[in-house]
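Written below as structure tokens is the structure these notes are about.
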Amino acid sequence: MKEENIVSLRNISVDFDGDPILTGLDLDIRDKEFVTLLGPSGCGKTTTLRTIGGFITPKSGDVFFDGVRINDLPPHKRHVNTVFQRYALFPHLNVFENVEFGLKLQKLPEHERRQRVQEMLELVNLSGFEHRNIDQLSGGQQQRVAIARALVNRPRVLLLDEPLGALDLKLRKEMQIELKRMQQSLEITFVYVTHDQEEALTMSDTVVVMNDGDILQVGTPQDIYNEPKNAFVADFIGESNIVDGVMYEDFLVEFAGRKFECVDKGFGSLERVDVVIRPEDLKIVDAKTAPLTGVVESVIFKGVHYEMIVDAHGYKWMVHSTACEEPGTFVGMEVRPFDIHIMHKMEVEG
Amino acid sequence: MKSKSAAVPYLIWMVIFIVVPLVLVAYYAVTTPEGQFTISYISQVGEYTAVLMRSIWLALIATVICLFIAYPLAFIISRRSGNGQRTMIMLIMLPMWMNFLLRTYAWMTILEKNGLINRFLSNFGIGPLEMINTQGAVVLGMIYNYLPFMILPLYSVMTKIPNSLIEAAQDLGCNTKKILTKVLIPLTIPGISSGIIMVFIPSVSTFIISRMLGGGGNLLVGDLIELQFLGNAYNPNLGAAISLVLMVLILLCMSITNQFGDEEKGELLK
């Protein structure tokens with residue numbers, strides 16, 4: 001694969017009032033990709049985004065844009081535009097004037113400005129709203145104006161800081177699909193910050209999972225979901241059962257008092273590890289022959305599946321199953337070797 | 001209705017202490033001491049055009065300087081954290097707890113021929129400088145006394161402008177100057193216009209500042225009015241006429257500033 005990095009962060013450190021937010025962060029963002037920075041609040045994802053936008057000058061490290069170091073370039077000179085968390089639309093301007101704002105500063109002739117604004121309003125489905133005031137728009141419409149206002153400048157990279165956070169679920173789902181469509185049709189790079197793992201998995205080409213100012217894993221949504229690098233990623237991306245285990249040898253792990261075949265290797269002998277098993281990968285089977293047994297403690301109907309908590313000698317397993325078992329039933333569980341994910345113990349728990 | 005009856009005491013108050021005096025001023029301005037209708041006092045005001053113009057001119061200078069000092073300061077304060085904001089606003093209000101006369105007297109002792117500044121300068125063989133009894137001293141007095149009235153309305157509008165709005169302007173290509181002209185000033189028009197009114201009106205009608213810091217040579221319209229009521233020139237009818245003319249001029253100024261403020265959509269900011 002020969003794809004170029006449009007943004008590269010090298011050894012970036014950022015402090016706020018002496019508190020380190022990012023320490024030695026490295027990140028490459030490939031051109032024309034939809035990249036999501038995913039992590040809990042306070043993990044440094046917004047700080048990373050603002051560093052790319054130029055609103056934060058890193059204490060140390062370098063920011064490269066298209067191979068050029070841009071540490072000292074102020075925001076207004078970067079080929080990057082931002083969609084802000086709370087839209088940050090100009091209340092003294094109407095929809096058209098808001099979108100036109102950047103083009104006016106570029107001193108484009110009026111007919112070209114008009115044409116580009118109209119095009120952009122069409123793209124975000126706001127044709128006919130040109131002369132509305134900002135406070136006459138719903139949250140979703142304001143969001144679209146903010147996106148149009150940023151995209152009309154034809155940035156190489158669009159930065160989006162939790163842009164859908166204030167919208168209701170249905171609108172959010174619609175906007176997710178629309179954003180993805182826009183990114184693909186405009187062929188520009190989107191860097192998207194969110195704490196919503198589902199959002200990240202839905203839209204991204206690449207997901208960057210962050211915690212405590214560190215990047216824990218970079219990969220496709222499939223990679224991140226199926227092969228989480230450590231227990232934090234596994235837990236943050238969907239729900240997981242995480243248990244302590246010991247790696248006996250390659251392809252053999254012990255947890256819950258039994259040895260299991262698995263597909264992981266390369267761990268130290270008798271290394272203590274985290275074993276991660278997704279709830280949907282645990283199968284309810286006959287208790288007599290099952291490797292894991294326990295008593296069903298509770299059952300919640302979730303629509304597609306039942307979510308059961310099975311108490312197996314003190315450890316409570318979460319199981320997703322389409323079949324319902326009554327609470328109090330003694331059940332067996334089994335798991336296939338490739339559904340057992342073995343991870344190095346993290347030094348710091350998230 | 002409940003809310004209406006609650007307003008009655010205020011209404012009575014306003015009628016007795018605002019409307020009646022205003023009517024009285026207007027009445028005195030157009031009558032002779034014998035109660036005959038006349039416009040001679042109003043036309044007599046024309047003789048004092050120079051004083052009127054000087055008052056407006058000095059008040060205008062003071063207002064503009066206040067605006068230039070207060071605008072950046074208010075912005076800096078509004079970008080501070082909550083505690084920083086409270087402390088700085090407190091410091092700005094602090095001199096206002098002192099009596100107005102006392103503050104102006106303090107400036108006299110600073111600016112005098114044997115005052116603080118001149119004594120300090122004499123150590124270096126400079127001076128004494130003529131500072132007291134000049135128009136500059138009057139303007140200084142106005143700025144010092146009325147600056148908080150410019151800062152406060154500006155500050156209260158600016159705190160409502162989120163930082164992200166300024167960042168959005170930067171993001172879309174604004175340099176510092178463009179942020180000011182394209183975003184900040186349009187959004188702070190209401191603060192600017194009320195600040196201007198709150199500094200200009202007391203400045204244009206002041207008489208204490210001009211008498212204490214301007215000496216006899218810099219008579220302002222406020223002094224003129226005072227002379228007609230309390231001074232040797234005792235002529236309440238002329239005093240009322242001058243007051244009336246000044247009031248009309250001020251109302252005119254206010255309506256112009258208000259017009260300017262209404263055109264912009266700054267008040268949309270919530």
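In the structure tokens, the first chain shown is A, the next is B, and so on; residue numbers restart at 1 for each chain, and ligands run from 1 in the order shown.
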
Per residue of chain A within 9 Å of chain B, note the shortest atom pair and the distance in Å to one decimal, counting only C-alpha atoms, and order the rows by chain and increasing residue number, as JSON lines.
{"residue": "A:Gly53", "atom": "CA", "partner": "B:Asp171", "partner_atom": "CA", "distance": 7.6}
{"residue": "A:Gly54", "atom": "CA", "partner": "B:Asp171", "partner_atom": "CA", "distance": 8.5}
{"residue": "A:Phe55", "atom": "CA", "partner": "B:Glu167", "partner_atom": "CA", "distance": 7.4}
{"residue": "A:Pro74", "atom": "CA", "partner": "B:Gln170", "partner_atom": "CA", "distance": 8.2}
{"residue": "A:Pro75", "atom": "CA", "partner": "B:Asp171", "partner_atom": "CA", "distance": 5.4}
{"residue": "A:His76", "atom": "CA", "partner": "B:Gly173", "partner_atom": "CA", "distance": 4.0}
{"residue": "A:Lys77", "atom": "CA", "partner": "B:Gly173", "partner_atom": "CA", "distance": 6.6}
{"residue": "A:Arg78", "atom": "CA", "partner": "B:Asp171", "partner_atom": "CA", "distance": 8.0}
{"residue": "A:Val80", "atom": "CA", "partner": "B:Asp171", "partner_atom": "CA", "distance": 7.6}
{"residue": "A:Asn81", "atom": "CA", "partner": "B:Asp171", "partner_atom": "CA", "distance": 5.8}
{"residue": "A:Thr82", "atom": "CA", "partner": "B:Asp171", "partner_atom": "CA", "distance": 6.6}
{"residue": "A:Val83", "atom": "CA", "partner": "B:Ala168", "partner_atom": "CA", "distance": 8.3}
{"residue": "A:Phe84", "atom": "CA", "partner": "B:Ser164", "partner_atom": "CA", "distance": 7.2}
{"residue": "A:Gln85", "atom": "CA", "partner": "B:Ser164", "partner_atom": "CA", "distance": 8.6}
{"residue": "A:Arg86", "atom": "CA", "partner": "B:Ser164", "partner_atom": "CA", "distance": 8.1}
{"residue": "A:Tyr87", "atom": "CA", "partner": "B:Ser164", "partner_atom": "CA", "distance": 8.4}
{"residue": "A:Ala88", "atom": "CA", "partner": "B:Leu165", "partner_atom": "CA", "distance": 4.9}
{"residue": "A:Leu89", "atom": "CA", "partner": "B:Leu165", "partner_atom": "CA", "distance": 6.8}
{"residue": "A:Phe90", "atom": "CA", "partner": "B:Leu165", "partner_atom": "CA", "distance": 6.9}
{"residue": "A:Pro91", "atom": "CA", "partner": "B:Leu269", "partner_atom": "CA", "distance": 5.8}
{"residue": "A:His92", "atom": "CA", "partner": "B:Lys265", "partner_atom": "CA", "distance": 5.0}
{"residue": "A:Leu93", "atom": "CA", "partner": "B:Lys265", "partner_atom": "CA", "distance": 7.8}
{"residue": "A:Phe101", "atom": "CA", "partner": "B:Leu172", "partner_atom": "CA", "distance": 7.2}
{"residue": "A:Gly102", "atom": "CA", "partner": "B:Leu172", "partner_atom": "CA", "distance": 4.8}
{"residue": "A:Leu103", "atom": "CA", "partner": "B:Leu172", "partner_atom": "CA", "distance": 8.4}
{"residue": "A:Leu105", "atom": "CA", "partner": "B:Gly173", "partner_atom": "CA", "distance": 6.4}
{"residue": "A:Gln106", "atom": "CA", "partner": "B:Gly173", "partner_atom": "CA", "distance": 7.6}
{"residue": "A:Asp135", "atom": "CA", "partner": "B:Leu268", "partner_atom": "CA", "distance": 7.8}
{"residue": "A:Arg149", "atom": "CA", "partner": "B:Leu172", "partner_atom": "CA", "distance": 8.3}
{"residue": "A:Ala150", "atom": "CA", "partner": "B:Leu172", "partner_atom": "CA", "distance": 7.3}
{"residue": "A:Asn153", "atom": "CA", "partner": "B:Leu172", "partner_atom": "CA", "distance": 7.8}

Report as a PyMOL selection string all protein, DNA and RNA residues lying within 12 Å of Ser205 (chain B), evaluated on only C-alpha atoms, omitting residues in the same chain fewer than 4 positions from it. chain B and resi 51-60+142+198-201+209-210+219-226+242-247+249-250

Using only C-alpha atoms, which protein or nucleic acid residues come within 6 Å of region 335-344 of chain A? Drop anything in the same chain fewer than 3 positions from it, and give the result as a ChimeraX atom specification. /A:230,261-263,273-277,282

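The shell of residues at most 12 Å from Gly238 (chain A), with only C-alpha atoms counted and near chain neighbours (fewer than 6 positions) removed, consists of Asp196, Gln197, Glu198, Glu199, Ala200, Leu201, Pro221, Ile224, Tyr225, Asn226, Pro228, Ala231, Phe232, Val276, Ile277, Arg278, Pro279 and Glu280 of chain A.
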
Just to be explicit: take each residue in the selection above, keep C-alpha atoms, and write the result as a PDB file, in the first residue's frame.
ATOM      1  CA  ASP A 196     -19.226   6.892  21.175  1.00  0.00           C
ATOM      2  CA  GLN A 197     -17.731   3.584  20.085  1.00  0.00           C
ATOM      3  CA  GLU A 198     -20.673   2.727  17.885  1.00  0.00           C
ATOM      4  CA  GLU A 199     -20.265   5.987  15.993  1.00  0.00           C
ATOM      5  CA  ALA A 200     -16.591   5.229  15.519  1.00  0.00           C
ATOM      6  CA  LEU A 201     -17.220   1.734  14.207  1.00  0.00           C
ATOM      7  CA  PRO A 221     -13.113  -0.980  12.992  1.00  0.00           C
ATOM      8  CA  ILE A 224     -10.346  -2.901  16.871  1.00  0.00           C
ATOM      9  CA  TYR A 225     -13.455  -4.917  17.586  1.00  0.00           C
ATOM     10  CA  ASN A 226     -12.162  -8.399  16.870  1.00  0.00           C
ATOM     11  CA  PRO A 228      -8.410  -5.517  20.709  1.00  0.00           C
ATOM     12  CA  ALA A 231      -8.377  -5.117  28.043  1.00  0.00           C
ATOM     13  CA  PHE A 232      -9.125  -1.389  27.992  1.00  0.00           C
ATOM     14  CA  VAL A 276     -11.272 -11.213  26.841  1.00  0.00           C
ATOM     15  CA  ILE A 277     -14.394 -12.970  25.616  1.00  0.00           C
ATOM     16  CA  ARG A 278     -17.254 -11.108  23.928  1.00  0.00           C
ATOM     17  CA  PRO A 279     -20.703 -11.884  25.372  1.00  0.00           C
ATOM     18  CA  GLU A 280     -21.949 -13.005  21.950  1.00  0.00           C
TER      19      GLU A 280
END

Got a sec: who's within 12 Å of region 161-169 of chain A, counting only C-alpha atoms, leaving out chain neighbours fewer than 3 positions off, as number ranges by chain? A: 36-41, 44-50, 52-53, 81-88, 138-147, 158, 172-179, 190-200; B: 164

Find the residues around Gln44 (chain B) up to 12 Å (only C-alpha atoms counted), leave out those fewer than 2 positions away in its own chain, and share them as a list of chain:residue names. B:Ala29, B:Val30, B:Thr38, B:Ile39, B:Ser40, B:Tyr41, B:Ile42, B:Gly46, B:Glu47, B:Tyr48, B:Thr49, B:Asn235, B:Asn237, B:Leu238, B:Gly239, B:Ala240, B:Ala241, B:Ile242, B:Val245

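Reported to one decimal place, the separation of CA of Val209 (chain A) from CA of Val319 (chain A) is 25.0 Å.
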
Need the shell around region 108-112 of chain B: protein/DNA/RNA residues with any atom at most 6 Å away, counting only C-alpha atoms. Skip same-chain ones fewer than 4 positions apart. Format as JSON, numbers by chain? {"B": [116, 117, 131, 132]}

Same residues, C-alpha atoms, output as a JSON list (two decimals), in the first residue's frame:
[["chain", "number", "residue", "atom", "x", "y", "z"],
["B", 116, "LEU", "CA", 3.02, 64.64, 43.10],
["B", 117, "ILE", "CA", 4.01, 64.49, 39.45],
["B", 131, "MET", "CA", -1.20, 70.12, 34.06],
["B", 132, "ILE", "CA", -3.94, 71.37, 36.31]]

Pull the helix (DSSP H, G or I) assignments for region 77-285 of chain A out of DSSP run on the backbone, and list those residues as a ChimeraX atom specification. /A:77,95-105,110-123,134-136,139-151,169-186,197-203,221-226,231-236,279-281

Nearest-residue call for Ala287 (chain A), choices A:Asp223, A:Glu334, A:Glu33, A:Asp19, using only C-alpha atoms: A:Glu334

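Straight-line separation from CA of Ile6 (chain A) to CA of Phe65 (chain A): 5.6 Å.
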
If you count only C-alpha atoms, the residue of B:Lys4, B:Met150, B:Asn133, B:Pro33 closest to Gly215 (chain B) turns out to be B:Asn133
